[in-house]
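Enquirer: Okay, so here is query.pdb, and as you'll see once you scroll down, it has PDB, C-alpha atoms and all ligand atoms.
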```
MODEL        1
ATOM      1  CA  MET W   3      35.673 -50.785  24.814
ATOM      2  CA  GLU W   4      32.903 -52.060  27.109
ATOM      3  CA  ALA W   5      30.737 -49.039  26.408
ATOM      4  CA  LYS W   6      31.124 -49.500  22.676
ATOM      5  CA  ARG W   7      30.184 -53.141  22.945
ATOM      6  CA  TYR W   8      27.050 -52.164  24.854
ATOM      7  CA  ILE W   9      25.986 -49.642  22.254
ATOM      8  CA  ASN W  10      26.398 -52.239  19.508
ATOM      9  CA  MET W  11      24.553 -54.899  21.411
ATOM     10  CA  THR W  12      22.273 -56.987  19.285
ATOM     11  CA  THR W  13      18.861 -58.004  20.520
ATOM     12  CA  PHE W  14      20.207 -61.484  21.103
ATOM     13  CA  ASP W  15      23.095 -60.199  23.269
ATOM     14  CA  GLU W  16      20.692 -58.028  25.199
ATOM     15  CA  ILE W  17      18.394 -60.967  25.935
ATOM     16  CA  VAL W  18      21.296 -63.131  27.095
ATOM     17  CA  THR W  19      22.627 -60.317  29.312
ATOM     18  CA  LEU W  20      19.212 -59.793  30.888
ATOM     19  CA  LEU W  21      18.784 -63.531  31.464
ATOM     20  CA  GLY W  22      22.101 -63.521  33.271
ATOM     21  CA  SER W  23      21.238 -60.613  35.554
ATOM     22  CA  GLU W  24      19.283 -61.405  38.670
ATOM     23  CA  ALA W  25      19.161 -57.739  39.643
ATOM     24  CA  ASP W  26      15.980 -55.778  39.061
ATOM     25  CA  LYS W  27      14.038 -58.874  38.070
ATOM     26  CA  PRO W  28      10.586 -57.467  37.223
ATOM     27  CA  ASN W  29      12.223 -55.054  34.831
ATOM     28  CA  SER W  30      14.340 -57.796  33.254
ATOM     29  CA  VAL W  31      11.323 -60.094  32.811
ATOM     30  CA  SER W  32       9.397 -57.357  31.148
ATOM     31  CA  LYS W  33      12.272 -56.430  28.811
ATOM     32  CA  VAL W  34      13.074 -60.011  27.844
ATOM     33  CA  THR W  35       9.406 -60.689  27.090
ATOM     34  CA  THR W  36       9.200 -57.632  24.860
ATOM     35  CA  LEU W  37      12.468 -58.420  23.068
ATOM     36  CA  LEU W  38      11.406 -62.014  22.413
ATOM     37  CA  LEU W  39       7.955 -60.981  21.202
ATOM     38  CA  ASP W  40       9.427 -58.339  18.887
ATOM     39  CA  SER W  41      12.372 -60.316  17.544
ATOM     40  CA  GLY W  42      10.886 -63.807  17.288
ATOM     41  CA  ILE W  43      14.232 -65.238  18.454
ATOM     42  CA  GLU W  44      13.832 -68.976  18.860
ATOM     43  CA  TYR W  45      14.140 -71.158  21.916
ATOM     44  CA  GLU W  46      17.131 -73.117  20.580
ATOM     45  CA  LYS W  47      19.131 -69.879  20.330
ATOM     46  CA  ILE W  48      18.721 -68.894  23.969
ATOM     47  CA  LYS W  49      18.440 -72.383  25.461
ATOM     48  CA  SER W  50      21.969 -72.461  26.889
ATOM     49  CA  SER W  51      21.344 -69.230  28.845
ATOM     50  CA  LEU W  52      18.211 -70.545  30.519
ATOM     51  CA  LYS W  53      17.814 -72.228  33.874
ATOM     52  CA  LYS W  54      15.991 -75.535  33.666
ATOM     53  CA  ARG W  55      12.286 -75.533  34.432
ATOM     54  CA  THR W  56      11.455 -77.090  37.788
ATOM     55  CA  THR W  57       9.239 -80.148  37.671
ATOM     56  CA  ASN W  58       6.648 -78.326  39.731
ATOM     57  CA  SER W  59       6.173 -75.487  37.279
ATOM     58  CA  LEU W  60       3.003 -75.354  35.227
ATOM     59  CA  LEU W  61       2.043 -73.937  31.856
ATOM     60  CA  ILE W  62      -1.674 -73.471  31.374
ATOM     61  CA  CYS W  63      -3.599 -72.221  28.352
ATOM     62  CA  LEU W  64      -7.035 -70.636  28.546
ATOM     63  CA  THR W  65      -8.764 -70.596  25.222
ATOM     64  CA  GLY W  66     -12.371 -70.522  24.061
ATOM     65  CA  LEU W  67     -15.063 -68.281  22.728
ATOM     66  CA  PRO W  68     -14.578 -64.505  22.792
ATOM     67  CA  GLY W  69     -16.295 -63.110  25.864
ATOM     68  CA  ALA W  70     -16.826 -66.554  27.414
ATOM     69  CA  GLY W  71     -15.025 -65.435  30.563
ATOM     70  CA  LYS W  72     -11.403 -66.514  30.119
ATOM     71  CA  SER W  73     -10.007 -63.405  31.818
ATOM     72  CA  SER W  74     -12.587 -63.591  34.590
ATOM     73  CA  ILE W  75     -11.697 -67.215  35.302
ATOM     74  CA  LEU W  76      -8.014 -66.362  35.269
ATOM     75  CA  ASN W  77      -8.665 -63.615  37.763
ATOM     76  CA  CYS W  78     -10.400 -66.151  40.042
ATOM     77  CA  LEU W  79      -7.495 -68.582  39.662
ATOM     78  CA  LEU W  80      -4.895 -65.960  40.536
ATOM     79  CA  LYS W  81      -6.718 -65.204  43.780
ATOM     80  CA  HIS W  82      -7.475 -68.809  44.691
ATOM     81  CA  LYS W  83      -6.087 -69.878  48.069
ATOM     82  CA  ASP W  84      -4.251 -72.885  46.602
ATOM     83  CA  LEU W  85      -2.541 -70.806  43.903
ATOM     84  CA  ILE W  86      -1.977 -67.479  45.631
ATOM     85  CA  ASN W  87       1.435 -68.440  46.941
ATOM     86  CA  PHE W  88       2.770 -69.361  43.520
ATOM     87  CA  LYS W  89       4.615 -66.764  41.537
ATOM     88  CA  ALA W  90       2.387 -66.367  38.505
ATOM     89  CA  ALA W  91       2.904 -64.898  35.055
ATOM     90  CA  VAL W  92       0.150 -64.142  32.575
ATOM     91  CA  LEU W  93       0.526 -63.562  28.868
ATOM     92  CA  ALA W  94      -2.830 -62.412  27.562
ATOM     93  CA  PHE W  95      -3.415 -62.078  23.849
ATOM     94  CA  ASP W  96      -6.083 -59.428  23.669
ATOM     95  CA  PRO W  97      -7.891 -58.231  20.592
ATOM     96  CA  SER W  98      -6.835 -54.629  20.143
ATOM     97  CA  SER W  99     -10.337 -53.249  20.312
ATOM     98  CA  LYS W 100     -12.421 -54.100  23.347
ATOM     99  CA  LYS W 101     -16.152 -53.671  23.366
ATOM    100  CA  GLY W 102     -16.400 -52.220  26.847
ATOM    101  CA  GLY W 103     -15.180 -53.982  29.956
ATOM    102  CA  ALA W 104     -11.786 -53.785  31.512
ATOM    103  CA  LEU W 105      -8.751 -55.618  30.245
ATOM    104  CA  LEU W 106      -7.616 -58.455  32.448
ATOM    105  CA  GLY W 107      -4.618 -56.419  33.521
ATOM    106  CA  ASP W 108      -6.842 -53.676  34.853
ATOM    107  CA  ARG W 109      -9.033 -56.192  36.605
ATOM    108  CA  ILE W 110      -6.102 -57.884  38.292
ATOM    109  CA  ARG W 111      -4.800 -54.568  39.486
ATOM    110  CA  LEU W 112      -8.212 -53.707  40.847
ATOM    111  CA  THR W 113      -9.018 -56.943  42.570
ATOM    112  CA  SER W 114      -5.916 -59.020  43.108
ATOM    113  CA  GLU W 115      -4.928 -59.700  46.667
ATOM    114  CA  ARG W 116      -1.542 -60.908  45.520
ATOM    115  CA  PRO W 117       1.704 -59.450  46.775
ATOM    116  CA  GLU W 118       3.030 -57.156  44.038
ATOM    117  CA  ASP W 119       6.080 -59.101  42.992
ATOM    118  CA  SER W 120       4.242 -62.418  42.751
ATOM    119  CA  LEU W 121       2.516 -61.529  39.488
ATOM    120  CA  PHE W 122       3.855 -60.595  36.087
ATOM    121  CA  PHE W 123       1.195 -59.589  33.613
ATOM    122  CA  ARG W 124       1.610 -58.796  29.942
ATOM    123  CA  SER W 125      -1.143 -58.015  27.514
ATOM    124  CA  VAL W 126      -0.172 -58.563  23.893
ATOM    125  CA  GLY W 127      -2.023 -57.052  20.930
ATOM    126  CA  HIS W 128      -2.910 -59.599  18.295
ATOM    127  CA  ARG W 129      -0.257 -58.306  15.858
ATOM    128  CA  GLY W 130      -2.003 -59.012  12.626
ATOM    129  CA  SER W 131      -3.342 -62.460  13.286
ATOM    130  CA  LEU W 132      -6.364 -63.104  15.429
ATOM    131  CA  THR W 133      -5.700 -66.751  15.989
ATOM    132  CA  THR W 134      -2.011 -67.534  15.929
ATOM    133  CA  LEU W 135       0.293 -67.411  18.897
ATOM    134  CA  PRO W 136       3.925 -66.287  18.399
ATOM    135  CA  SER W 137       6.080 -68.985  16.805
ATOM    136  CA  ASN W 138       8.627 -68.557  19.612
ATOM    137  CA  LEU W 139       6.072 -68.935  22.421
ATOM    138  CA  ASP W 140       8.224 -71.741  23.848
ATOM    139  CA  ALA W 141      11.147 -69.320  24.202
ATOM    140  CA  ILE W 142       8.976 -66.747  25.976
ATOM    141  CA  MET W 143       7.571 -69.384  28.323
ATOM    142  CA  ALA W 144      11.035 -70.751  29.079
ATOM    143  CA  ALA W 145      12.257 -67.242  29.885
ATOM    144  CA  LEU W 146       9.396 -66.758  32.352
ATOM    145  CA  PHE W 147      10.251 -70.031  34.080
ATOM    146  CA  HIS W 148      13.899 -68.965  34.098
ATOM    147  CA  PHE W 149      12.920 -65.874  36.089
ATOM    148  CA  GLY W 150      11.308 -68.064  38.734
ATOM    149  CA  TYR W 151       7.617 -68.071  37.885
ATOM    150  CA  ASP W 152       5.929 -71.257  39.116
ATOM    151  CA  ILE W 153       2.828 -71.034  37.012
ATOM    152  CA  VAL W 154       2.392 -69.372  33.641
ATOM    153  CA  PHE W 155      -0.997 -68.731  32.076
ATOM    154  CA  VAL W 156      -1.552 -67.920  28.416
ATOM    155  CA  GLU W 157      -4.919 -66.483  27.442
ATOM    156  CA  THR W 158      -5.497 -66.821  23.722
ATOM    157  CA  VAL W 159      -7.741 -64.603  21.650
ATOM    158  CA  GLY W 160      -9.851 -67.644  21.018
ATOM    159  CA  LEU W 161     -11.473 -66.821  17.719
ATOM    160  CA  GLY W 162     -11.792 -70.063  15.780
ATOM    161  CA  GLN W 163      -9.108 -71.612  17.933
ATOM    162  CA  THR W 164      -8.863 -75.347  17.595
ATOM    163  CA  GLN W 165      -6.588 -77.828  19.250
ATOM    164  CA  ASP W 166      -4.581 -78.024  16.014
ATOM    165  CA  SER W 167      -3.551 -74.392  16.164
ATOM    166  CA  LEU W 168      -2.412 -74.589  19.786
ATOM    167  CA  PRO W 169       1.189 -75.613  20.361
ATOM    168  CA  GLU W 170       1.862 -78.797  22.273
ATOM    169  CA  ILE W 171       3.863 -77.093  24.994
ATOM    170  CA  PHE W 172       0.959 -76.605  27.392
ATOM    171  CA  ASP W 173       0.524 -78.835  30.423
ATOM    172  CA  LEU W 174      -3.194 -78.108  30.435
ATOM    173  CA  ILE W 175      -5.543 -76.491  27.936
ATOM    174  CA  VAL W 176      -8.739 -75.109  29.414
ATOM    175  CA  ASN W 177     -11.418 -74.443  26.823
ATOM    176  CA  VAL W 178     -13.868 -71.861  28.195
ATOM    177  CA  GLN W 179     -17.341 -71.942  26.685
ATOM    178  CA  THR W 180     -20.813 -70.690  27.416
ATOM    179  CA  LEU W 181     -24.163 -72.309  26.785
ATOM    180  CA  THR W 182     -27.441 -70.976  25.551
ATOM    181  CA  ASN W 183     -30.599 -72.833  24.661
ATOM    182  CA  GLY W 184     -30.359 -74.420  21.236
ATOM    183  CA  ASP W 185     -26.657 -75.089  21.550
ATOM    184  CA  GLU W 186     -27.071 -78.804  22.083
ATOM    185  CA  ILE W 187     -27.537 -79.507  18.394
ATOM    186  CA  GLN W 188     -24.360 -77.584  17.596
ATOM    187  CA  PHE W 189     -21.996 -79.413  19.934
ATOM    188  CA  ALA W 190     -21.070 -82.307  17.705
ATOM    189  CA  LYS W 191     -20.313 -80.238  14.626
ATOM    190  CA  SER W 192     -18.583 -77.351  16.347
ATOM    191  CA  GLY W 193     -15.329 -79.182  17.008
ATOM    192  CA  LEU W 194     -15.747 -78.195  20.630
ATOM    193  CA  ILE W 195     -15.558 -81.763  21.837
ATOM    194  CA  GLU W 196     -12.011 -82.150  20.506
ATOM    195  CA  THR W 197     -10.522 -78.964  21.926
ATOM    196  CA  GLY W 198      -8.888 -78.880  25.327
ATOM    197  CA  ASP W 199      -8.039 -81.095  28.287
ATOM    198  CA  VAL W 200     -10.753 -79.394  30.291
ATOM    199  CA  ILE W 201     -13.907 -77.805  28.940
ATOM    200  CA  PHE W 202     -15.239 -75.255  31.412
ATOM    201  CA  PHE W 203     -18.789 -74.091  30.782
ATOM    202  CA  ASN W 204     -18.852 -70.639  32.345
ATOM    203  CA  LYS W 205     -21.730 -68.331  33.244
ATOM    204  CA  ILE W 206     -23.649 -71.255  34.786
ATOM    205  CA  GLU W 207     -24.882 -69.336  37.812
ATOM    206  CA  ASN W 208     -26.359 -71.537  40.525
ATOM    207  CA  GLY W 209     -26.547 -74.532  38.237
ATOM    208  CA  GLN W 210     -28.823 -73.021  35.571
ATOM    209  CA  ASN W 211     -28.454 -74.727  32.173
ATOM    210  CA  LEU W 212     -26.846 -77.738  33.822
ATOM    211  CA  ASN W 213     -29.167 -79.890  31.704
ATOM    212  CA  LEU W 214     -27.281 -78.632  28.637
ATOM    213  CA  VAL W 215     -23.967 -79.560  30.225
ATOM    214  CA  ASN W 216     -25.320 -83.078  30.651
ATOM    215  CA  VAL W 217     -26.461 -83.207  27.012
ATOM    216  CA  PHE W 218     -22.942 -82.178  26.050
ATOM    217  CA  LYS W 219     -21.411 -84.925  28.177
ATOM    218  CA  GLN W 220     -23.644 -87.541  26.556
ATOM    219  CA  GLN W 221     -22.708 -86.363  23.058
ATOM    220  CA  GLN W 222     -19.073 -86.317  24.051
ATOM    221  CA  MET W 223     -19.235 -89.924  25.242
ATOM    222  CA  ALA W 224     -21.017 -90.991  22.079
ATOM    223  CA  SER W 225     -18.502 -89.373  19.753
ATOM    224  CA  ILE W 226     -15.259 -90.196  21.472
ATOM    225  CA  SER W 227     -13.113 -92.850  19.854
ATOM    226  CA  ASP W 228     -11.361 -95.568  21.844
ATOM    227  CA  GLU W 229      -7.869 -94.047  21.670
ATOM    228  CA  SER W 230      -8.731 -90.457  22.544
ATOM    229  CA  LYS W 231      -9.074 -89.251  26.084
ATOM    230  CA  PRO W 232     -12.219 -87.176  26.565
ATOM    231  CA  ALA W 233     -11.832 -83.697  27.969
ATOM    232  CA  LYS W 234     -12.913 -83.275  31.559
ATOM    233  CA  VAL W 235     -16.150 -81.296  31.588
ATOM    234  CA  LEU W 236     -16.602 -78.709  34.326
ATOM    235  CA  SER W 237     -19.065 -75.908  34.818
ATOM    236  CA  GLY W 238     -19.465 -72.887  37.012
ATOM    237  CA  SER W 239     -19.439 -69.135  37.180
ATOM    238  CA  ALA W 240     -16.439 -66.851  37.394
ATOM    239  CA  LEU W 241     -18.792 -64.096  38.461
ATOM    240  CA  GLN W 242     -19.943 -66.087  41.504
ATOM    241  CA  ASN W 243     -16.681 -67.960  42.003
ATOM    242  CA  GLN W 244     -18.486 -71.262  41.423
ATOM    243  CA  GLY W 245     -16.742 -74.311  39.966
ATOM    244  CA  ILE W 246     -13.337 -72.661  40.333
ATOM    245  CA  ASP W 247     -12.279 -75.136  43.047
ATOM    246  CA  ASP W 248     -12.818 -77.981  40.554
ATOM    247  CA  LEU W 249     -10.618 -76.262  38.006
ATOM    248  CA  VAL W 250      -7.928 -75.633  40.616
ATOM    249  CA  SER W 251      -8.062 -79.342  41.511
ATOM    250  CA  GLU W 252      -7.292 -80.214  37.887
ATOM    251  CA  ILE W 253      -4.355 -77.812  37.949
ATOM    252  CA  MET W 254      -3.032 -79.070  41.274
ATOM    253  CA  ALA W 255      -3.249 -82.665  40.078
ATOM    254  CA  LEU W 256      -0.572 -81.805  37.519
ATOM    255  CA  ARG W 257       1.912 -80.670  40.148
ATOM    256  CA  ASN W 258       4.687 -83.049  41.098
ATOM    257  CA  ARG W 259       4.210 -85.160  38.022
ATOM    258  CA  VAL W 260       7.386 -86.462  36.448
ATOM    259  CA  LYS W 261       8.391 -84.503  33.373
TER     260      LYS W 261
HETATM  261  N1  LIG X 301     -23.040 -63.786  34.100
HETATM  262  C1  LIG X 301     -21.736 -63.991  34.037
HETATM  263  N2  LIG X 301     -20.951 -63.117  33.369
HETATM  264  C2  LIG X 301     -19.628 -63.358  33.329
HETATM  265  C3  LIG X 301     -19.036 -64.489  33.949
HETATM  266  N3  LIG X 301     -17.716 -64.477  33.706
HETATM  267  C4  LIG X 301     -17.477 -63.379  32.956
HETATM  268  N4  LIG X 301     -18.622 -62.696  32.727
HETATM  269  C5  LIG X 301     -18.776 -61.454  31.962
HETATM  270  O1  LIG X 301     -18.571 -61.737  30.584
HETATM  271  C6  LIG X 301     -17.889 -60.657  29.955
HETATM  272  C7  LIG X 301     -16.608 -61.172  29.300
HETATM  273  O2  LIG X 301     -15.747 -61.671  30.306
HETATM  274  P1  LIG X 301     -14.194 -61.822  30.070
HETATM  275  O3  LIG X 301     -13.639 -62.481  31.274
HETATM  276  O4  LIG X 301     -13.586 -60.531  29.643
HETATM  277  O5  LIG X 301     -14.181 -62.837  28.842
HETATM  278  P2  LIG X 301     -12.992 -63.253  27.893
HETATM  279  O6  LIG X 301     -13.276 -64.629  27.415
HETATM  280  O7  LIG X 301     -11.700 -63.030  28.580
HETATM  281  O8  LIG X 301     -13.170 -62.203  26.720
HETATM  282  P3  LIG X 301     -12.140 -61.884  25.523
HETATM  283  O9  LIG X 301     -10.753 -61.911  26.087
HETATM  284  O10 LIG X 301     -12.575 -60.517  25.048
HETATM  285  O11 LIG X 301     -12.397 -62.953  24.500
HETATM  286  C8  LIG X 301     -17.632 -59.617  31.052
HETATM  287  O12 LIG X 301     -18.625 -58.654  30.996
HETATM  288  C9  LIG X 301     -17.723 -60.431  32.325
HETATM  289  O13 LIG X 301     -18.105 -59.673  33.442
HETATM  290  C10 LIG X 301     -19.894 -65.390  34.671
HETATM  291  O14 LIG X 301     -19.488 -66.384  35.235
HETATM  292  N5  LIG X 301     -21.219 -65.084  34.672
HETATM  293 MG    MG X 302     -10.016 -61.887  27.980
ENDMDL
END
```
Would you kindly transcribe this structure into structure tokens?
Expert:
Amino acid sequence: MEAKRYINMTTFDEIVTLLGSEADKPNSVSKVTTLLLDSGIEYEKIKSSLKKRTTNSLLICLTGLPGAGKSSILNCLLKHKDLINFKAAVLAFDPSSKKGGALLGDRIRLTSERPEDSLFFRSVGHRGSLTTLPSNLDAIMAALFHFGYDIVFVETVGLGQTQDSLPEIFDLIVNVQTLTNGDEIQFAKSGLIETGDVIFFNKIENGQNLNLVNVFKQQQMASISDESKPAKVLSGSALQNQGIDDLVSEIMALRNRVK
């Protein structure tokens, strides 16, 4: 009878069973993530099987221009002394074709000093749409928190991403951008000013192009309306591990807040 029931298990039953089993956690996390991504089963359906998120847990989105350095920044964050003791999960939406360079997963494996079971990493192909995240992202996130991850990062593909297309579930949205000469005239029309809680200008090695960051800040101040809160503007270099402390400070400031 039991065996028959198992064979006939629906995806939903399988997810609920895995959520209930503490044994072999990394395997269960991985399976539940896959099943949720493939089935699109919604949060409301699995809600009663989930442990409540702790108030200290964090959900962070890294978005921004393709190639701006989202994965590189994430790699720096995962190794940062203030975050290394958190159990971290990463869901990275990667375009299926990469023009050279390693995927974040490879990079983490190569460089991470984290203990093995303190990181869950999943790279997700874009599945037809370059810009949209799965409609059941909240269910996937809740499942990761259920399995005891303290901090979950989502890296979006970033093409044409605007604040409007990002779900409201994130505690912090970090918009990663780069600057080249001539960009200053583009800022106001690009929609960049409105996207994200933090705008991180990456690839600013040793302060070069800081003048452009200041131009951006001035334009931001000039265009912001009274009600809206301007994004915090940071700059640095993932390559040189510069400015990462400032970003970690923004993340840490969110801890212990009342949900
Ligand atoms: N000079 C410089 N190069 C960087 C920096 N951060 C990342 N890069 C390089 O920029 C390229 C893209 O970096 P990624 O971290 O893969 O960027 P991404 O935004 O995750 O890219 P996609 O996921 O493909 O959109 C790589 O060749 C990195 O080595 C930086 O701070 N300075
Ligand atoms: Mg990336």
Enquirer: Starting from the PyMOL selection byres (((not hetatm)) within 8 of (chain X and resi 302)), expand the selection into actual residues of this file and give them as JSON, numbers by chain.
Expert: {"W": [68, 69, 71, 72, 73, 74, 94, 95, 96, 105, 106, 157, 158, 159]}
Enquirer: Please produce a file of the residues just selected, as a PDB file, keeping the file's coordinate frame, where the atoms kept are C-alpha atoms.
Expert:
```pdb
ATOM      1  CA  PRO W  68     -14.578 -64.505  22.792  1.00  0.00           C
ATOM      2  CA  GLY W  69     -16.295 -63.110  25.864  1.00  0.00           C
ATOM      3  CA  GLY W  71     -15.025 -65.435  30.563  1.00  0.00           C
ATOM      4  CA  LYS W  72     -11.403 -66.514  30.119  1.00  0.00           C
ATOM      5  CA  SER W  73     -10.007 -63.405  31.818  1.00  0.00           C
ATOM      6  CA  SER W  74     -12.587 -63.591  34.590  1.00  0.00           C
ATOM      7  CA  ALA W  94      -2.830 -62.412  27.562  1.00  0.00           C
ATOM      8  CA  PHE W  95      -3.415 -62.078  23.849  1.00  0.00           C
ATOM      9  CA  ASP W  96      -6.083 -59.428  23.669  1.00  0.00           C
ATOM     10  CA  LEU W 105      -8.751 -55.618  30.245  1.00  0.00           C
ATOM     11  CA  LEU W 106      -7.616 -58.455  32.448  1.00  0.00           C
ATOM     12  CA  GLU W 157      -4.919 -66.483  27.442  1.00  0.00           C
ATOM     13  CA  THR W 158      -5.497 -66.821  23.722  1.00  0.00           C
ATOM     14  CA  VAL W 159      -7.741 -64.603  21.650  1.00  0.00           C
TER      15      VAL W 159
END
```
Enquirer: Pick the closest to ligand LIG 301 (chain X) from W:Asp173, W:Glu207, W:Asp119, W:Glu252: which is it, counting all atoms listed in the file?
Expert: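 Closest to ligand LIG 301 (chain X), using all atoms listed in the file: W:Glu207.
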Enquirer: Given the choices W:Ser239, W:Ser51, W:Gln222, W:Gln179, which gets closest to ligand LIG 301 (chain X) if the distance is worked out from all atoms listed in the file?
Expert: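 Looking only at the distances to ligand LIG 301 (chain X), the closest residue turns out to be W:Ser239.
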Enquirer: So what does the PyMOL selection byres (((chain W and resi 58) around 6) and not hetatm) actually pick up in this one, as a list in words?
Expert: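 With the shown file as input, the PyMOL selection byres (((chain W and resi 58) around 6) and not hetatm) matches Thr56, Thr57, Ser59, Arg257 and Asn258 of chain W.
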Enquirer: Would you save the residues from that selection as a PDB file, in the frame of the given file, using C-alpha atoms?
Expert:
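The resulting file, out_27.pdb, is reproduced below:
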```pdb
ATOM      1  CA  THR W  56      11.455 -77.090  37.788  1.00  0.00           C
ATOM      2  CA  THR W  57       9.239 -80.148  37.671  1.00  0.00           C
ATOM      3  CA  SER W  59       6.173 -75.487  37.279  1.00  0.00           C
ATOM      4  CA  ARG W 257       1.912 -80.670  40.148  1.00  0.00           C
ATOM      5  CA  ASN W 258       4.687 -83.049  41.098  1.00  0.00           C
TER       6      ASN W 258
END
```
Enquirer: Just checking: using only C-alpha atoms, which residue out of W:Leu79, W:Ala233, W:Ile86, W:Leu93 ends up closest to W:Glu118?
Expert: W:Ile86
Enquirer: Would you please work out which residue, of W:Ile253, W:Ile17, W:Val176, W:Leu64, is nearest to W:Val31 when using all atoms listed in the file?
Expert: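 Using all atoms listed in the file, the shortest distance to W:Val31 belongs to W:Ile17.
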Enquirer: I'd like to know which of W:Phe218, W:Phe172, W:Phe155, W:Phe203 is closest to ligand LIG 301 (chain X), using only C-alpha atoms and all ligand atoms.
Expert: W:Phe203
Enquirer: Translate the PyMOL selection byres (((chain W and resi 209) around 10) and not hetatm), as applied to the file shown, into an explicit residue set as an mmCIF file with C-alpha atoms, in the coordinates of the input.
Expert:
```
data_model
loop_
_atom_site.group_PDB
_atom_site.id
_atom_site.type_symbol
_atom_site.label_atom_id
_atom_site.label_comp_id
_atom_site.auth_asym_id
_atom_site.auth_seq_id
_atom_site.Cartn_x
_atom_site.Cartn_y
_atom_site.Cartn_z
ATOM 1 C CA LYS W 205 -21.730 -68.331 33.244
ATOM 2 C CA ILE W 206 -23.649 -71.255 34.786
ATOM 3 C CA GLU W 207 -24.882 -69.336 37.812
ATOM 4 C CA ASN W 208 -26.359 -71.537 40.525
ATOM 5 C CA GLN W 210 -28.823 -73.021 35.571
ATOM 6 C CA ASN W 211 -28.454 -74.727 32.173
ATOM 7 C CA LEU W 212 -26.846 -77.738 33.822
ATOM 8 C CA ASN W 213 -29.167 -79.890 31.704
ATOM 9 C CA VAL W 215 -23.967 -79.560 30.225
ATOM 10 C CA SER W 237 -19.065 -75.908 34.818
ATOM 11 C CA GLY W 238 -19.465 -72.887 37.012
ATOM 12 C CA SER W 239 -19.439 -69.135 37.180
ATOM 13 C CA GLN W 244 -18.486 -71.262 41.423
ATOM 14 C CA GLY W 245 -16.742 -74.311 39.966
#
```
Enquirer: Which residue, W:Gly22, W:Pro169, W:Lys27, W:Ala240, has the smallest gap to ligand LIG 301 (chain X) when you use all atoms listed in the file?
Expert: W:Ala240
Enquirer: With 8 Å added on each side, what axis-aligned box encloses every listed atom of stretch 37-51 of chain W? Give the centre and edge lengths in Å to one decimal, as lines of an AutoDock Vina configuration file.
Expert:
```
center_x = 15.0
center_y = -65.7
center_z = 23.1
size_x = 30.0
size_y = 30.8
size_z = 27.6
```
Enquirer: What separation in Å, quoted to one decimal, exists between atom CA of W:Ser120 and atom CA of W:Asn87?
Expert: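 Distance between the two atoms: 7.9 Å.
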Enquirer: One number please: atom CA of W:Ser125 to atom CA of W:Ala144, in Å, one decimal.
Expert: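 Value for the atom CA of W:Ser125-atom CA of W:Ala144 distance: 17.7 Å.
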Enquirer: State, in Å with one decimal place, the distance from atom CA of W:Leu256 to atom CA of W:Ala70.
Expert: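 If I compute the distance from atom CA of W:Leu256 to atom CA of W:Ala70, I get 24.5 Å.
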Enquirer: Hey, what's within 8 Å of W:Phe149 if we count only C-alpha atoms and toss same-chain stuff fewer than 2 positions away? As a PyMOL selection string, please?
Expert: chain W and resi 21+27+31+145-147+151
Enquirer: Counting all atoms listed in the file, I want the residues whose atoms come within 7 Å of (0.4, -73.0, 32.6) in the file frame, returned as a VMD selection string.
Expert: chain W and resid 60 to 63 153 to 156 172 to 174
